[in-house]
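Here's the structure we're looking at; comments come further down.
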Amino acid sequence: MKTTLLKAACFTIAMLVFVTTLTACQAGSTTGSTTSSAASSGTSAAVTTTAGNAPVYPMKTDVKLTYWSEMNGNVSAKYTNAGETPFAKELSKRTGIQVEYIHSTAKESFSLMLASNQLPDIVEYWWSSYPGGTAKALEEKVIISLNDIMEKDAPNYTKWLKDHPDIARQIRWDDGSYVGFPFVNGDGRQTFVGRGPLIRKDLLDKKGLGIPETVDDWYNALLAFKSLGVKAPFTKAKGYLADFIARAYGIQLDADAWYIEDGKVVYGPVQPAYKDFLATWHKWYDEGLIDPDIATVDANIETAKMADGSAAATFNYVSRVYNYNKAAQEKIQGYNIVAAPFPVLKKGDAYEYSYISNLYSSSEVLTVITGNCKHPEIAARFLDYLWGEEGNILANWGIPDVTYTTGANKEPKYTDFLLKNPDGWTMSQVRGGYMRSYSSGPYVQDKRIDIQTYVMPEQVTAVDMWSKNASMKHLMPPIARTAQENTEYATIMSEVETYYKECLLKFMIGTMKLDEYDAYKAQMKNLKIDRAIEIQQAAYNRYISK
């Protein structure tokens with residue numbers, strides 16, 4: 001591994017600590033295997049294929065792979081290691097490949113693992129956050145390109161890419177490389193229906209108000225809540241704090257701050273309309289319509305305030321429609337949280353800046369084969385199983401006759417073991433143990449799974465409402481920056497995003513006045529936001545030309 005990587009790593013002592021810990025883990029404390037036998041490190045890599053080159057599963061090989069990932073909370077709630085889960089055991093049984101799972105919860109340990117040059121065979125990680133990005137990891141041979149082995153050893157994935165050329169274009173790097181197995185949403189519906197505005201309809205009814213459709217409607221609704229004694233008419237934990245209001249002004253913030261406007265890449269927090277949005281947001285805060293504790297609200301506080309009636313509106317996932325109603329309806333008579341449409345400035349306008357994302361996102365987890373893997377063909381065939389029909393069903397639906405059944409129409413349907421677990425497990429915990437659909441992973445998510453988990457008709461209504469008028473017009477595609485661009489971009493945006501978030505809060509609560517907006521814009525220029533825009537535009541141009 002190159003010196004560049006070693007320089008970015010932690011001190012030698014820390015590296016030794018990690019190596020010692022890794023050795024201890026492999027003895028059994030934080031690693032697990034899908035089999036209890038002590039497998040060989042892998043001298044026989046011979047595999048069986050059909051005449052058409054498709055792998056025959058289960059494969060006959062004594063190769064044992066190592067697989068590193070962060071421990072997902074839905075898994076750790078019931079298991080100490082992913083290798084203990086029914087999903088991992090079933091996957092090993094079907095593929096014939098033994099896997100030792102290595103987990104970590106500390107980000108520092110990932111850097112230490114890289115520095116120690118003791119990479120496992122497979123790593124599931126946000127490689128876009130690697131110093132210099134995925135391109136740098138490929139350049140430094142930390143990870144390998146799949147191009148030389150894809151057709152032979154990943155035929156399912158290869159076929160899927162050929163069948164979906166538009167998404168293949170997004171996944172393929174500018175030089176033509178495929179560098180890993182991504183997570184892909186199976187349908188555009190899944191990419192934007194997950195979150196939106198939520199509001200107390202029972203309180204609106206008391207005041208004779210309808211569900212708000214415009215920014216002015218929202219202002220009147222929050223005023224009404226305040227008049228009814230609600231202490232924090234609108235509350236929100238960190239993340240997407242005010243973005244759904246900002247989009248009514250034609251700008252995007254937070255995680256979606258980069259978007260396309262008339263073929264040009266733009267950054268929302270420096271657009272002219274941002275000042276108009278800030279004026280509205282500060283007015284609402286100044287009049288007591290925004291939670292006075294907004295700077296310190298986290299997810300637990302938000303949930304508590306919505307459930308006890310001290311807040312009446314927020315922005316969150318569709319699951320909260322059920323969670324908030326269930327938590328509050330026994331205590332507050334008539335309590336009814338429902339979804340509201342994304343607001344516009346003028347009634348009848350289309351909500352053009354939709355909450356929609358790419359079916360594939362380059363910022364998501366990417367599962368790669370590392371440069372240390374001695375048998376990349378076995379690793380590829382293990383990962384490729386989830387891209388075939390049977391593997392995709394396992395990833396999305398779990399174990400037949402346990403977590404799902406199929407009727408005469410062969411449509412899978414979740415069982416009560418998942419929907420109404422007899423042992424009190426949440427749906428997320430069941431998914432964490434029996435399938436991969438609990439999180440991003442190396443598979444295609446089935447478009448049919450989410451709708452089956454909705455337990456209230458209001459959730460279905462929310463999905464339909466939020467997906468209405470969804471447009472990809474301004475969507476930033478998954479562009480690929482070069483290693484050099486990534487390094488420069490990361491340095492710039494680290495300072496830019498910190499400054500933007502600080503100022504957003506200050507403008508809202510009034511510690512920064514709108515008279516200082518020009519100074520804010522000047523400082524963003526000093527922090528080289530224009531250069532970051534140039535980098536993004538260059539990468540976008542390359543994407544368009546592919």
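Just remember, in the structure tokens the first chain shown is A, the second B, etc., residues are 1-based per chain, and ligands are 1-based in the order shown.
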task = Please provide the set of residues having any atom within 10 Å of Leu289 (chain A), restricted to only C-alpha atoms, with same-chain residues fewer than 2 positions apart removed, written as a list of chain:residue names.
result =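 Neighbouring residues, sequence-local ones excluded: A:Tyr219, A:Asn220, A:Ala221, A:Leu222, A:Leu223, A:Ala224, A:Phe225, A:Lys226, A:Val230, A:Lys231, A:Ala232, A:Pro233, A:Phe234, A:Thr235, A:Trp281, A:His282, A:Lys283, A:Trp284, A:Tyr285, A:Asp286, A:Glu287, A:Asp291, A:Pro292, A:Ala311.
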For C-alpha atoms, I'd like the residues from the last selection saved as a PDB file, in the first residue's frame.
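Writing the result to part.pdb gives the following:
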ATOM      1  CA  TYR A 219     -47.642  29.772   8.875  1.00  0.00           C
ATOM      2  CA  ASN A 220     -51.341  29.948   9.732  1.00  0.00           C
ATOM      3  CA  ALA A 221     -51.385  26.357  10.971  1.00  0.00           C
ATOM      4  CA  LEU A 222     -48.422  26.935  13.288  1.00  0.00           C
ATOM      5  CA  LEU A 223     -50.050  30.133  14.576  1.00  0.00           C
ATOM      6  CA  ALA A 224     -53.184  28.126  15.322  1.00  0.00           C
ATOM      7  CA  PHE A 225     -51.184  25.510  17.234  1.00  0.00           C
ATOM      8  CA  LYS A 226     -49.565  28.231  19.313  1.00  0.00           C
ATOM      9  CA  VAL A 230     -48.695  24.057  21.904  1.00  0.00           C
ATOM     10  CA  LYS A 231     -45.237  24.996  23.214  1.00  0.00           C
ATOM     11  CA  ALA A 232     -43.312  24.008  20.091  1.00  0.00           C
ATOM     12  CA  PRO A 233     -45.646  24.126  17.072  1.00  0.00           C
ATOM     13  CA  PHE A 234     -42.860  22.790  14.795  1.00  0.00           C
ATOM     14  CA  THR A 235     -39.933  20.691  15.976  1.00  0.00           C
ATOM     15  CA  TRP A 281     -37.627  30.818   8.731  1.00  0.00           C
ATOM     16  CA  HIS A 282     -36.447  33.559  11.115  1.00  0.00           C
ATOM     17  CA  LYS A 283     -39.937  35.133  11.202  1.00  0.00           C
ATOM     18  CA  TRP A 284     -41.437  31.820  12.265  1.00  0.00           C
ATOM     19  CA  TYR A 285     -38.814  31.307  14.950  1.00  0.00           C
ATOM     20  CA  ASP A 286     -39.125  34.889  16.194  1.00  0.00           C
ATOM     21  CA  GLU A 287     -42.894  34.452  16.598  1.00  0.00           C
ATOM     22  CA  ASP A 291     -39.237  24.836  18.849  1.00  0.00           C
ATOM     23  CA  PRO A 292     -37.144  27.154  21.075  1.00  0.00           C
ATOM     24  CA  ALA A 311     -45.119  19.794  19.431  1.00  0.00           C
TER      25      ALA A 311
END
request  = Find the residue from A:Leu383, A:Val344, A:Val321, A:Leu65 that sits nearest to Val368 (chain A); use only C-alpha atoms when measuring.
outcome  =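 Between A:Leu383, A:Val344, A:Val321, A:Leu65, the residue approaching Val368 (chain A) most closely is A:Leu383.
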ask   = CA of Ile449 (chain A) and CA of Trp387 (chain A) are how many Å apart?
value =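 Calculated distance between CA of Ile449 (chain A) and CA of Trp387 (chain A) is 16.7 Å.
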request  = as a PyMOL selection string, please: all residues of region 100-270 of chain A that backbone DSSP puts in strand (DSSP E).
outcome  = chain A and resi 100-104+122-125+181-182+184-185+195-200+232-234+258-261+264-267
inquiry  = Using Å and a single decimal, report how far CA of Trp127 (chain A) sits from CA of Lys236 (chain A).
reply    = 29.3 Å
inquiry  = Let's see if you can do this: from backbone DSSP, list all helix (DSSP H, G or I) residues in region 202-378 of chain A, as an MDAnalysis selection string.
reply    = chainID A and resid 202:206 215:227 243:249 254:256 268:270 273:286 299:308 319:328 376:378
key: Residue nearest Ser145 (chain A) - candidates A:Ala380, A:Phe87, A:Ser92, A:Glu124, atoms counted: only C-alpha atoms   =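 Of A:Ala380, A:Phe87, A:Ser92, A:Glu124, the one nearest Ser145 (chain A), counting only C-alpha atoms, is A:Ala380.
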inquiry  = When you count only C-alpha atoms, which of these residues is closest to Asp464 (chain A): A:Ala82, A:Ala154, A:Val318, A:Ile251?
reply    = A:Val318
query = Which polymer residues have any atom within 12 Å of an atom of Ile337 (chain A), counting only C-alpha atoms, with same-chain residues fewer than 5 positions away left out, as a PyMOL selection string?
reply = chain A and resi 197-205+211+306-307+309+311-316+318-329+332+456-459+462
remark   = Closest of A:Ile301, A:Val270, A:Leu475, A:Val265 to Lys238 (chain A), counting only C-alpha atoms, is A:Ile301
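Distance annotation: of A:Gly96, A:Pro120, A:Pro442, A:Pro341, the residue with the minimal separation from Asn185 (chain A) is A:Pro442; atom set is only C-alpha atoms.
Close contacts of Ala242 (chain A), defined as residues with an atom at most 9 Å away when counting only C-alpha atoms, with chain neighbours fewer than 2 positions off set aside, comprise Lys236, Gly239, Tyr240, Phe244, Ile245, Ala246, Arg247, Leu253, Asp254, Trp281 and Phe315 of chain A.
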inquiry  = Using only C-alpha atoms for the distances, tell me which of A:Cys373, A:Leu419, A:Leu394, A:Ala480 is nearest to Asp175 (chain A).
reply    = A:Ala480
key: Shell of 10 Å around Asp349 (chain A), only C-alpha atoms, local chain residues under 5 positions omitted, as a list in words   = Glu213, Thr214, Ala248, Pro343 and Val344 of chain A
Residues of the last selection are to be written out with C-alpha atoms, as a CSV table (one decimal), in the first residue's frame.
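As written to disk, result07.csv reads:
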chain,number,residue,atom,x,y,z
A,213,GLU,CA,-50.7,23.3,1.0
A,214,THR,CA,-48.7,26.6,0.8
A,248,ALA,CA,-40.9,25.9,-2.0
A,343,PRO,CA,-45.7,23.1,0.4
A,344,VAL,CA,-45.5,25.5,-2.5
